[in-house]
>>> print(open('data.txt').read())   # compact mmCIF, C-alpha atoms
# COMPACT_ATOMS: atom_id res chain seq x y z
CA MET A 1 -0.23 0.27 20.39
CA CYS A 2 -2.65 2.25 18.23
CA GLU A 3 -5.13 0.33 16.12
CA TYR A 4 -6.97 1.57 13.05
CA GLY A 5 -9.99 -0.09 11.49
CA LEU A 6 -9.77 -0.99 7.84
CA ARG A 7 -13.04 -1.53 6.02
CA ALA A 8 -13.13 -4.04 3.20
CA ILE A 9 -14.58 -2.25 0.18
CA GLY A 10 -14.88 -5.40 -1.92
CA HIS A 11 -13.13 -8.66 -2.71
CA VAL A 12 -11.17 -10.51 -5.38
CA GLU A 13 -12.83 -13.08 -7.64
CA SER A 14 -10.12 -15.35 -9.01
CA GLU A 15 -9.44 -18.92 -10.03
CA LEU A 16 -6.60 -18.91 -7.46
CA SER A 17 -7.89 -20.46 -4.26
CA GLU A 18 -4.88 -21.84 -2.39
CA ARG A 19 -1.88 -19.96 -1.12
CA SER A 20 0.44 -22.84 -2.02
CA ALA A 21 -0.62 -22.58 -5.67
CA ALA A 22 -0.46 -18.80 -5.96
CA PRO A 23 2.44 -17.25 -7.86
CA ARG A 24 4.76 -15.24 -5.63
CA GLN A 25 4.98 -12.39 -8.09
CA PRO A 26 2.57 -11.29 -10.81
CA ASP A 27 5.09 -12.03 -13.55
CA GLU A 28 5.10 -15.67 -12.52
CA GLY A 29 1.81 -16.64 -14.12
CA ALA A 30 -0.81 -14.56 -12.31
CA PRO A 31 -4.20 -14.87 -14.00
CA GLU A 32 -6.90 -12.41 -14.92
CA ALA A 33 -9.32 -11.72 -12.10
CA TRP A 34 -12.21 -9.48 -11.07
CA VAL A 35 -12.10 -6.87 -8.35
CA VAL A 36 -15.68 -6.74 -7.07
CA LEU A 37 -16.42 -3.53 -5.17
CA ASP A 38 -19.36 -2.65 -2.95
CA GLU A 39 -22.01 -0.77 -4.89
CA ARG A 40 -21.78 2.20 -2.56
CA CYS A 41 -18.21 2.70 -3.86
CA ALA A 42 -19.47 3.45 -7.38
CA PRO A 43 -18.68 7.21 -7.17
CA ALA A 44 -15.08 6.39 -6.23
CA LEU A 45 -14.58 4.61 -9.57
CA ALA A 46 -15.46 7.62 -11.76
CA GLY A 47 -12.49 8.25 -14.00
CA LEU A 48 -10.94 4.79 -13.70
CA GLU A 49 -10.21 3.95 -17.32
CA PRO A 50 -9.62 0.64 -19.11
CA ASP A 51 -6.13 0.02 -20.43
CA THR A 52 -4.42 1.73 -17.51
CA ASP A 53 -2.27 0.35 -14.70
CA VAL A 54 -3.41 0.74 -11.12
CA LEU A 55 -2.19 -0.22 -7.67
CA LEU A 56 -4.59 -2.56 -5.91
CA PHE A 57 -4.36 -2.78 -2.11
CA THR A 58 -5.67 -5.93 -0.47
CA TRP A 59 -5.78 -7.41 3.02
CA LEU A 60 -3.87 -10.69 3.05
CA ASP A 61 -6.27 -12.33 5.46
CA ARG A 62 -4.45 -15.66 5.51
CA ALA A 63 -1.12 -14.13 6.61
CA ASP A 64 0.59 -14.68 9.97
CA ARG A 65 0.95 -11.28 11.64
CA GLU A 66 3.48 -12.42 14.25
CA THR A 67 6.19 -13.24 11.69
CA LEU A 68 9.05 -10.70 11.66
CA ALA A 69 11.70 -12.54 9.63
CA VAL A 70 11.59 -15.16 6.86
CA HIS A 71 13.79 -17.12 4.51
CA PRO A 72 13.09 -15.27 1.23
CA ARG A 73 10.79 -17.26 -1.05
CA GLY A 74 10.73 -20.05 1.54
CA ASP A 75 14.26 -21.09 0.56
CA GLN A 76 15.93 -22.37 3.75
CA GLU A 77 19.35 -21.78 2.21
CA ARG A 78 18.75 -18.06 2.03
CA PRO A 79 19.53 -16.22 5.26
CA LEU A 80 16.75 -15.18 7.61
CA THR A 81 15.67 -11.72 6.45
CA GLY A 82 13.45 -9.12 8.08
CA VAL A 83 10.00 -8.97 6.51
CA PHE A 84 10.45 -5.24 5.80
CA ALA A 85 13.24 -6.24 3.39
CA THR A 86 11.02 -8.79 1.60
CA ARG A 87 7.60 -9.01 -0.02
CA ALA A 88 6.57 -11.98 2.15
CA PRO A 89 2.83 -11.89 2.95
CA ASP A 90 3.48 -12.74 6.62
CA ARG A 91 4.14 -9.42 8.42
CA PRO A 92 2.60 -7.25 11.17
CA ASN A 93 0.18 -5.47 8.78
CA PRO A 94 -0.35 -7.81 5.82
CA ILE A 95 -1.33 -5.25 3.22
CA GLY A 96 -1.02 -6.66 -0.29
CA LEU A 97 0.15 -4.32 -3.04
CA HIS A 98 -0.52 -5.43 -6.60
CA GLU A 99 0.20 -3.51 -9.80
CA VAL A 100 -2.49 -4.66 -12.20
CA HIS A 101 -3.69 -3.70 -15.64
CA VAL A 102 -7.33 -2.66 -15.96
CA LEU A 103 -9.06 -4.48 -18.82
CA GLU A 104 -12.59 -3.19 -18.28
CA VAL A 105 -14.85 -1.58 -15.71
CA VAL A 106 -18.41 -2.98 -15.59
CA GLY A 107 -20.47 -1.18 -12.96
CA THR A 108 -18.51 -1.72 -9.75
CA ARG A 109 -16.66 -4.76 -11.12
CA VAL A 110 -13.13 -4.18 -12.40
CA HIS A 111 -11.57 -6.80 -14.67
CA VAL A 112 -7.80 -6.89 -14.28
CA ARG A 113 -4.79 -8.74 -15.64
CA ASN A 114 -1.89 -10.07 -13.56
CA LEU A 115 -3.32 -10.43 -10.08
CA GLU A 116 -1.67 -12.98 -7.78
CA ALA A 117 -4.19 -12.50 -4.92
CA LEU A 118 -6.38 -15.41 -3.84
CA ASP A 119 -10.11 -15.71 -4.46
CA GLY A 120 -12.03 -13.95 -1.70
CA THR A 121 -9.16 -11.67 -0.66
CA PRO A 122 -10.59 -8.44 0.80
CA VAL A 123 -9.92 -5.28 -1.20
CA LEU A 124 -8.91 -2.06 0.58
CA ASP A 125 -8.03 0.58 -2.00
CA ILE A 126 -7.18 1.37 -5.60
CA LYS A 127 -4.72 4.10 -6.57
CA PRO A 128 -3.41 5.15 -9.96
CA VAL A 129 0.21 4.42 -10.75
CA LEU A 130 1.85 7.77 -10.19
CA THR A 131 2.35 9.82 -13.32
CA GLY A 132 2.84 13.22 -11.74
CA SER A 133 -0.40 14.63 -13.14
CA ARG A 134 -2.81 13.71 -10.35
CA MET B 1 -18.84 -4.72 6.24
CA CYS B 2 -15.71 -6.53 7.43
CA GLU B 3 -13.22 -4.61 9.52
CA TYR B 4 -9.56 -5.44 10.04
CA GLY B 5 -7.37 -3.98 12.73
CA LEU B 6 -4.18 -2.26 11.63
CA ARG B 7 -1.48 -1.86 14.25
CA ALA B 8 0.80 1.15 14.03
CA ILE B 9 4.38 -0.14 14.08
CA GLY B 10 5.94 3.31 14.42
CA HIS B 11 5.57 6.89 13.26
CA VAL B 12 7.11 9.57 11.05
CA GLU B 13 9.37 12.27 12.46
CA SER B 14 9.37 15.17 10.03
CA GLU B 15 9.56 18.94 9.87
CA LEU B 16 6.20 18.83 8.02
CA SER B 17 3.42 19.42 10.51
CA GLU B 18 0.48 20.83 8.57
CA ARG B 19 -1.42 19.22 5.76
CA SER B 20 -1.80 22.54 3.96
CA ALA B 21 1.98 22.91 3.79
CA ALA B 22 2.78 19.36 2.74
CA PRO B 23 3.83 18.72 -0.85
CA ARG B 24 1.27 16.66 -2.78
CA GLN B 25 3.93 14.45 -4.33
CA PRO B 26 7.44 13.61 -3.15
CA ASP B 27 9.04 15.35 -6.15
CA GLU B 28 7.47 18.63 -5.05
CA GLY B 29 9.93 19.40 -2.28
CA ALA B 30 9.45 16.59 0.23
CA PRO B 31 12.12 16.71 2.93
CA GLU B 32 14.27 14.12 4.64
CA ALA B 33 12.56 12.47 7.58
CA TRP B 34 12.92 9.64 10.09
CA VAL B 35 10.75 6.56 10.23
CA VAL B 36 10.79 5.59 13.91
CA LEU B 37 9.76 1.97 14.47
CA ASP B 38 8.83 0.18 17.68
CA GLU B 39 11.82 -1.61 19.14
CA ARG B 40 10.02 -4.95 18.99
CA CYS B 41 10.12 -4.59 15.17
CA ALA B 42 13.92 -4.74 15.13
CA PRO B 43 14.03 -8.28 13.63
CA ALA B 44 11.83 -7.14 10.75
CA LEU B 45 14.50 -4.62 9.68
CA ALA B 46 17.28 -7.19 9.20
CA GLY B 47 18.47 -6.85 5.63
CA LEU B 48 17.14 -3.35 5.03
CA GLU B 49 20.13 -1.63 3.44
CA PRO B 50 21.08 2.03 3.09
CA ASP B 51 21.04 3.46 -0.42
CA THR B 52 18.01 1.44 -1.51
CA ASP B 53 14.47 2.50 -2.38
CA VAL B 54 11.58 1.17 -0.33
CA LEU B 55 7.83 1.54 -0.22
CA LEU B 56 6.63 3.04 3.04
CA PHE B 57 3.00 2.46 4.02
CA THR B 58 1.41 4.94 6.41
CA TRP B 59 -2.02 5.58 7.87
CA LEU B 60 -3.21 9.03 6.82
CA ASP B 61 -4.90 9.71 10.14
CA ARG B 62 -6.06 13.19 9.19
CA ALA B 63 -7.96 12.01 6.09
CA ASP B 64 -11.75 12.07 5.62
CA ARG B 65 -12.89 8.49 5.05
CA GLU B 66 -16.34 9.42 3.73
CA THR B 67 -15.00 11.17 0.62
CA LEU B 68 -15.54 9.18 -2.59
CA ALA B 69 -14.81 11.81 -5.26
CA VAL B 70 -12.63 14.91 -5.42
CA HIS B 71 -11.49 17.67 -7.73
CA PRO B 72 -7.91 16.49 -8.46
CA ARG B 73 -5.32 18.54 -6.59
CA GLY B 74 -8.12 20.64 -5.14
CA ASP B 75 -8.57 22.43 -8.47
CA GLN B 76 -12.29 23.23 -8.79
CA GLU B 77 -11.92 23.56 -12.56
CA ARG B 78 -10.98 19.90 -12.87
CA PRO B 79 -13.97 17.54 -13.04
CA LEU B 80 -15.05 15.59 -9.97
CA THR B 81 -13.08 12.34 -10.09
CA GLY B 82 -13.45 9.13 -8.09
CA VAL B 83 -10.81 8.78 -5.39
CA PHE B 84 -9.73 5.42 -6.84
CA ALA B 85 -8.57 7.33 -9.93
CA THR B 86 -6.55 9.83 -7.85
CA ARG B 87 -3.93 9.86 -5.10
CA ALA B 88 -6.07 12.09 -2.86
CA PRO B 89 -5.54 11.24 0.84
CA ASP B 90 -9.30 11.37 1.52
CA ARG B 91 -10.68 7.88 0.73
CA PRO B 92 -12.38 4.96 2.51
CA ASN B 93 -9.09 3.38 3.64
CA PRO B 94 -6.52 6.20 3.76
CA ILE B 95 -3.37 4.16 3.34
CA GLY B 96 -0.43 6.33 2.30
CA LEU B 97 2.09 4.85 -0.13
CA HIS B 98 5.46 6.59 -0.33
CA GLU B 99 8.49 5.54 -2.37
CA VAL B 100 11.44 6.75 -0.33
CA HIS B 101 15.21 6.39 -0.46
CA VAL B 102 16.87 4.89 2.61
CA LEU B 103 19.83 6.99 3.76
CA GLU B 104 20.72 5.09 6.92
CA VAL B 105 19.33 2.63 9.45
CA VAL B 106 20.19 3.39 13.09
CA GLY B 107 18.72 0.78 15.39
CA THR B 108 15.00 0.91 14.65
CA ARG B 109 15.17 4.42 13.17
CA VAL B 110 15.28 4.69 9.39
CA HIS B 111 16.46 7.94 7.83
CA VAL B 112 14.82 8.53 4.47
CA ARG B 113 14.79 11.07 1.67
CA ASN B 114 11.67 12.36 -0.11
CA LEU B 115 8.86 11.73 2.33
CA GLU B 116 5.77 13.94 2.04
CA ALA B 117 4.03 12.47 5.14
CA LEU B 118 3.31 14.71 8.12
CA ASP B 119 5.08 14.54 11.47
CA GLY B 120 3.45 11.95 13.69
CA THR B 121 1.87 9.98 10.84
CA PRO B 122 1.49 6.32 11.90
CA VAL B 123 3.62 3.81 9.99
CA LEU B 124 2.13 0.47 8.89
CA ASP B 125 4.64 -1.38 6.74
CA ILE B 126 7.82 -1.22 4.69
CA LYS B 127 8.32 -3.26 1.53
CA PRO B 128 11.21 -3.33 -0.94
CA VAL B 129 10.61 -1.90 -4.38
CA LEU B 130 10.08 -5.00 -6.47
CA THR B 131 13.13 -6.21 -8.34
CA GLY B 132 12.04 -9.76 -9.07
CA SER B 133 14.65 -11.33 -6.79
CA ARG B 134 12.71 -11.44 -3.53
>>> encode(input="data.txt", output="structure tokens")
Amino acid sequence: MCEYGLRAIGHVESELSERSAAPRQPDEGAPEAWVVLDERCAPALAGLEPDTDVLLFTWLDRADRETLAVHPRGDQERPLTGVFATRAPDRPNPIGLHEVHVLEVVGTRVHVRNLEALDGTPVLDIKPVLTGSR
Amino acid sequence: MCEYGLRAIGHVESELSERSAAPRQPDEGAPEAWVVLDERCAPALAGLEPDTDVLLFTWLDRADRETLAVHPRGDQERPLTGVFATRAPDRPNPIGLHEVHVLEVVGTRVHVRNLEALDGTPVLDIKPVLTGSR
């Protein structure tokens, strides 16, 4: 099996610290948070504007990578479902995808709204929400 | 810098074989393709239905990971822009994100429409497009 090395480019600063307390989806009470990037990534932020929506990619470092099927939302009454048909964090490559709203960019710190990732979660990438122009 | 090991769970089978010929966005003529998953991932596909849209995550193995800023769409007249404000494949962690339409699931092969990834591109993950129910 081929392996590829991801490099954390920063981390999340958030009041959320426990997986059991984290909302499952951002519309379920996710707080504001800071995405703190390594200073060497500064050139990669040029053009990232406040008041836009972006896709934040994280590494869900507390996930179980051996899990292939789950009861959606932990509800035992729902049938066992393959992780590729759910957003469960436990999966072979636990990449978190979060659509967040950029409030401000201060140096290499990005203040965002609606992030359900835990404090300390490694950050992998930021991409604009696709508009067709870029 | 922390590193995390991604495991390829499959690959793309496509008629697209050269980066220079690949469409930049799926609405620019991306073809049908097959996502071929390892057989051990079969349980993770349970519940993935034809005629749904999913997010396919790939590893853009031909990308340059040292690039931090680009001229969008390779147009030298557009100002140099940080990769986090573009969808350029060259970036520190070249994770490809593709919204594709599932045509059929045959064993661990998934036939999809609108995939701009190149033949042989490693596959990392599949997630449903968020509907709020999962």
>>> interface_residues(input="data.txt", of="chain B", to="chain A", cutoff="7 Å", atoms="all atoms listed in the file", output="number ranges by chain")
B: 1-8, 43-48, 68-69, 72-73, 81-87, 93, 124-128, 134
>>> atom_distance(input="data.txt", atom1="atom CA of B:Val112", atom2="atom CA of A:Asp53")
27.0 Å
>>> residues_around(input="data.txt", residues="A:Ser20", least_positions_apart="4", cutoff="12 Å", atoms="all atoms listed in the file", output="JSON, numbers by chain")
{"A": [16, 24, 62, 73, 74, 116, 117, 118]}
>>> write_last_selection(input="data.txt", atoms="C-alpha atoms", output="PDB file, in the frame of the given file")
ATOM      1  CA  LEU A  16      -6.600 -18.910  -7.460  1.00  0.00           C
ATOM      2  CA  ARG A  24       4.760 -15.240  -5.630  1.00  0.00           C
ATOM      3  CA  ARG A  62      -4.450 -15.660   5.510  1.00  0.00           C
ATOM      4  CA  ARG A  73      10.790 -17.260  -1.050  1.00  0.00           C
ATOM      5  CA  GLY A  74      10.730 -20.050   1.540  1.00  0.00           C
ATOM      6  CA  GLU A 116      -1.670 -12.980  -7.780  1.00  0.00           C
ATOM      7  CA  ALA A 117      -4.190 -12.500  -4.920  1.00  0.00           C
ATOM      8  CA  LEU A 118      -6.380 -15.410  -3.840  1.00  0.00           C
TER       9      LEU A 118
END
>>> atom_distance(input="data.txt", atom1="atom CA of A:Thr121", atom2="atom CA of A:His101")
17.8 Å
>>> atom_distance(input="data.txt", atom1="atom CA of A:Leu60", atom2="atom CA of A:Pro89")
6.8 Å
>>> residues_around(input="data.txt", residues="B:His111", least_positions_apart="2", cutoff="9 Å", atoms="all atoms listed in the file", output="tab-separated table (two decimals) with C-alpha atoms, keeping the file's coordinate frame")
chain	number	residue	atom	x	y	z
B	32	GLU	CA	14.27	14.12	4.64
B	33	ALA	CA	12.56	12.47	7.58
B	34	TRP	CA	12.92	9.64	10.09
B	35	VAL	CA	10.75	6.56	10.23
B	36	VAL	CA	10.79	5.59	13.91
B	50	PRO	CA	21.08	2.03	3.09
B	101	HIS	CA	15.21	6.39	-0.46
B	102	VAL	CA	16.87	4.89	2.61
B	103	LEU	CA	19.83	6.99	3.76
B	104	GLU	CA	20.72	5.09	6.92
B	105	VAL	CA	19.33	2.63	9.45
B	106	VAL	CA	20.19	3.39	13.09
B	109	ARG	CA	15.17	4.42	13.17
B	113	ARG	CA	14.79	11.07	1.67
>>> residues_around(input="data.txt", residues="B:Asp90", least_positions_apart="4", cutoff="6 Å", atoms="all atoms listed in the file", output="list in words")
Ala63, Asp64, Arg65 and Thr67 of chain B
>>> axis_aligned_box(input="data.txt", around="stretch 39-56 of chain A", padding_each_side="3 Å", output="lines of an AutoDock Vina configuration file")
center_x = -12.1
center_y = 2.8
center_z = -11.5
size_x = 25.8
size_y = 16.8
size_z = 23.9
